[in-house]
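Take a look at the structure below.
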Amino acid sequence: RGIELDVLVNNAGISKATPLESSLTEWEDVIFTNLRGPYLVTKYAKPLLKKGSSIINISSTRAFMSEPHWHGYAAAKGGIGALTHSLAVTLGPEGIRVNAISPGWIDVSKWKKSSNKQEEPLRDIDHAQHPAGLVGKPEDIAAACSFLASEEAGFITGANLVIDGGMTVKMIYEE
């Protein structure tokens with residue numbers, strides 16, 4: 001019996017602004033890493049997948065809301081949503097489920113290289129921006145991956161689970 005893959009999480013990515021003045025190479029770095037990467041990993045992992053396997057693509061809430069100059073990142077993460085539903089339709093007849101997770105603000109500071117660590121701790125106002133009252137942590141995303149990969153999620157495919165503490169549904173007005 002050969003090697004089989006039960007769960008594939010496409011999580012590699014880069015977070016980088018790409019203003020209109022950016023070079024085509026800078027744009028392509030973001031698109032190739034964040035969108036082409038998951039496509040290629042899935043393509044080459046496909047022979048290892050079997051009935052009951054689960055693919056989870058990590059997108060971002062930046063696919064739905066933006067800040068100035070993040071064009072490449074927003075486009076790539078929006079593309080992850082389209083790739084997810086297209087793969088779900090393609091691979092569904094083989095019993096392979098494909099879903100996406102769109103994290104919001106996740107504090108990954110303790111996972112960064114020491115040279116890139118966050119200098120200031122999160123402030124109360126950072127947490128207060130979220131209806132849940134806190135910024136997310138990597139464990140929140142890991143728990144969602146575990147759920148989507150489980151048998152309990154056996155009827156879920158083509159979905160995009162937004163995990164952002166409610167930030168994308170909150171109206172924000174300047175005072």
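Ligands are numbered from 1 in the order shown, chains are lettered A, B, ... in the order of the structure tokens, and residues start at 1 in each chain.
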Could you give me the residues within segment 1-170 of chain A that DSSP places in strand (DSSP E or B), as a ChimeraX atom specification? /A:5-10,49-58,97-103,106,136,160-163
Which polymer residues have any atom within 12 Å of an atom of Ile3 of chain A, counting only C-alpha atoms, with same-chain residues fewer than 2 positions away left out, as a PyMOL selection string? chain A and resi 1+5-6+45-50
Exercise: segment 123-131 of chain A partners within 10 Å, only C-alpha atoms, chain neighbours under 4 positions left out, as a list in words: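 Contacts, in chain order: Gly104, Trp105, Val135, Gly136, Asp164, Gly165, Gly166, Met167, Thr168, Val169, Lys170 and Ile172 of chain A.
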For a test of reading the model, state the distance in Å between atom CA of Asn11 of chain A and atom CA of Ala132 of chain A, rounded to one decimal. 24.2 Å
Among the residues of chain A, find those DSSP assigns to helix (DSSP H, G or I) from the backbone and print them as a VMD selection string. chain A and resid 24 to 48 61 to 63 71 to 94 109 to 111 114 to 116 124 to 128 138 to 149 151 to 153 167 to 169
How far is it from atom CA of Pro19 of chain A to atom CA of Thr61 of chain A, in Å with one decimal? 18.8 Å
Shell of 7 Å around segment 29-34 of chain A, only C-alpha atoms, local chain residues under 3 positions omitted, as a PyMOL selection string: chain A and resi 12-14+25-26+37-38+72-73+76-77
Counting only C-alpha atoms, figure out which residue out of A:Ala75, A:Ala82, A:Leu134, A:Leu148 gets nearest to Trp27 of chain A.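 Under the stated criterion, the closest residue is A:Ala75.
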Atom CA of Glu21 of chain A sits from atom CA of His71 of chain A at a separation of 11.1 Å
Write out as a list in words each polymer residue whose atoms come within 10 Å of Gly154 of chain A, counting only C-alpha atoms; drop sequence neighbours fewer than 3 positions from it. Gly52, Ser53, Ser54, Gly95, Ile96, Arg97, Phe147, Leu148, Ala149, Ser150, Glu151 and Thr157 of chain A
Filtering to all heavy atoms, could you give me those residues as a JSON list (two decimals), in the first residue's frame?
[["chain", "number", "residue", "atom", "x", "y", "z"],
["A", 52, "GLY", "N", -12.49, 10.65, 1.68],
["A", 52, "GLY", "CA", -12.44, 11.05, 3.08],
["A", 52, "GLY", "C", -11.34, 12.05, 3.39],
["A", 52, "GLY", "O", -11.31, 12.60, 4.49],
["A", 53, "SER", "N", -10.45, 12.31, 2.43],
["A", 53, "SER", "CA", -9.40, 13.32, 2.66],
["A", 53, "SER", "C", -10.01, 14.71, 2.69],
["A", 53, "SER", "O", -11.09, 14.95, 2.15],
["A", 53, "SER", "CB", -8.34, 13.25, 1.55],
["A", 53, "SER", "OG", -7.58, 12.07, 1.63],
["A", 54, "SER", "N", -9.28, 15.62, 3.32],
["A", 54, "SER", "CA", -9.75, 16.99, 3.47],
["A", 54, "SER", "C", -8.62, 17.96, 3.12],
["A", 54, "SER", "O", -7.50, 17.81, 3.59],
["A", 54, "SER", "CB", -10.19, 17.23, 4.92],
["A", 54, "SER", "OG", -10.54, 18.57, 5.13],
["A", 95, "GLY", "N", -14.89, 12.07, -3.21],
["A", 95, "GLY", "CA", -15.00, 12.00, -1.76],
["A", 95, "GLY", "C", -13.97, 12.85, -1.02],
["A", 95, "GLY", "O", -13.72, 12.63, 0.16],
["A", 96, "ILE", "N", -13.40, 13.83, -1.71],
["A", 96, "ILE", "CA", -12.41, 14.73, -1.11],
["A", 96, "ILE", "C", -13.09, 16.07, -0.86],
["A", 96, "ILE", "O", -13.67, 16.67, -1.78],
["A", 96, "ILE", "CB", -11.19, 14.90, -2.04],
["A", 96, "ILE", "CG1", -10.52, 13.55, -2.27],
["A", 96, "ILE", "CG2", -10.21, 15.92, -1.45],
["A", 96, "ILE", "CD1", -9.50, 13.55, -3.39],
["A", 97, "ARG", "N", -13.04, 16.51, 0.38],
["A", 97, "ARG", "CA", -13.65, 17.80, 0.74],
["A", 97, "ARG", "C", -12.60, 18.89, 0.68],
["A", 97, "ARG", "O", -11.45, 18.68, 1.05],
["A", 97, "ARG", "CB", -14.25, 17.74, 2.14],
["A", 97, "ARG", "CG", -15.42, 16.77, 2.23],
["A", 97, "ARG", "CD", -16.03, 16.67, 3.61],
["A", 97, "ARG", "NE", -15.07, 16.15, 4.59],
["A", 97, "ARG", "CZ", -14.50, 16.87, 5.55],
["A", 97, "ARG", "NH1", -14.80, 18.14, 5.71],
["A", 97, "ARG", "NH2", -13.64, 16.32, 6.39],
["A", 147, "PHE", "N", -11.37, 20.73, 13.16],
["A", 147, "PHE", "CA", -12.80, 20.49, 12.94],
["A", 147, "PHE", "C", -13.07, 20.18, 11.47],
["A", 147, "PHE", "O", -13.72, 19.18, 11.15],
["A", 147, "PHE", "CB", -13.65, 21.68, 13.39],
["A", 147, "PHE", "CG", -15.07, 21.56, 12.94],
["A", 147, "PHE", "CD1", -15.92, 20.60, 13.47],
["A", 147, "PHE", "CD2", -15.57, 22.40, 11.94],
["A", 147, "PHE", "CE1", -17.24, 20.46, 13.02],
["A", 147, "PHE", "CE2", -16.88, 22.27, 11.50],
["A", 147, "PHE", "CZ", -17.71, 21.30, 12.04],
["A", 148, "LEU", "N", -12.58, 21.04, 10.56],
["A", 148, "LEU", "CA", -12.87, 20.84, 9.14],
["A", 148, "LEU", "C", -12.28, 19.53, 8.61],
["A", 148, "LEU", "O", -12.81, 18.96, 7.65],
["A", 148, "LEU", "CB", -12.36, 22.02, 8.31],
["A", 148, "LEU", "CG", -13.17, 23.30, 8.42],
["A", 148, "LEU", "CD1", -12.49, 24.43, 7.67],
["A", 148, "LEU", "CD2", -14.60, 23.10, 7.93],
["A", 149, "ALA", "N", -11.22, 19.05, 9.23],
["A", 149, "ALA", "CA", -10.62, 17.78, 8.81],
["A", 149, "ALA", "C", -11.33, 16.57, 9.41],
["A", 149, "ALA", "O", -11.12, 15.45, 8.96],
["A", 149, "ALA", "CB", -9.14, 17.76, 9.20],
["A", 150, "SER", "N", -12.19, 16.80, 10.38],
["A", 150, "SER", "CA", -12.81, 15.70, 11.11],
["A", 150, "SER", "C", -14.04, 15.16, 10.39],
["A", 150, "SER", "O", -14.60, 15.77, 9.49],
["A", 150, "SER", "CB", -13.24, 16.18, 12.51],
["A", 150, "SER", "OG", -14.37, 17.03, 12.42],
["A", 151, "GLU", "N", -14.47, 13.98, 10.85],
["A", 151, "GLU", "CA", -15.68, 13.37, 10.31],
["A", 151, "GLU", "C", -16.92, 14.20, 10.64],
["A", 151, "GLU", "O", -17.91, 14.16, 9.90],
["A", 151, "GLU", "CB", -15.84, 11.96, 10.86],
["A", 151, "GLU", "CG", -14.82, 10.99, 10.31],
["A", 151, "GLU", "CD", -14.99, 9.57, 10.84],
["A", 151, "GLU", "OE1", -16.07, 9.25, 11.38],
["A", 151, "GLU", "OE2", -14.02, 8.81, 10.73],
["A", 157, "THR", "N", -18.24, 21.18, 2.48],
["A", 157, "THR", "CA", -17.26, 21.33, 1.41],
["A", 157, "THR", "C", -17.57, 22.58, 0.61],
["A", 157, "THR", "O", -18.74, 22.98, 0.49],
["A", 157, "THR", "CB", -17.18, 20.08, 0.51],
["A", 157, "THR", "OG1", -15.99, 20.15, -0.29],
["A", 157, "THR", "CG2", -18.41, 19.90, -0.36]]
Pick out the closest residue to Ala17 of chain A from this set: A:Ser60, A:Ser102, A:Ser66, A:Thr84. Count only C-alpha atoms.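 Under the stated criterion, the closest residue is A:Ser66.
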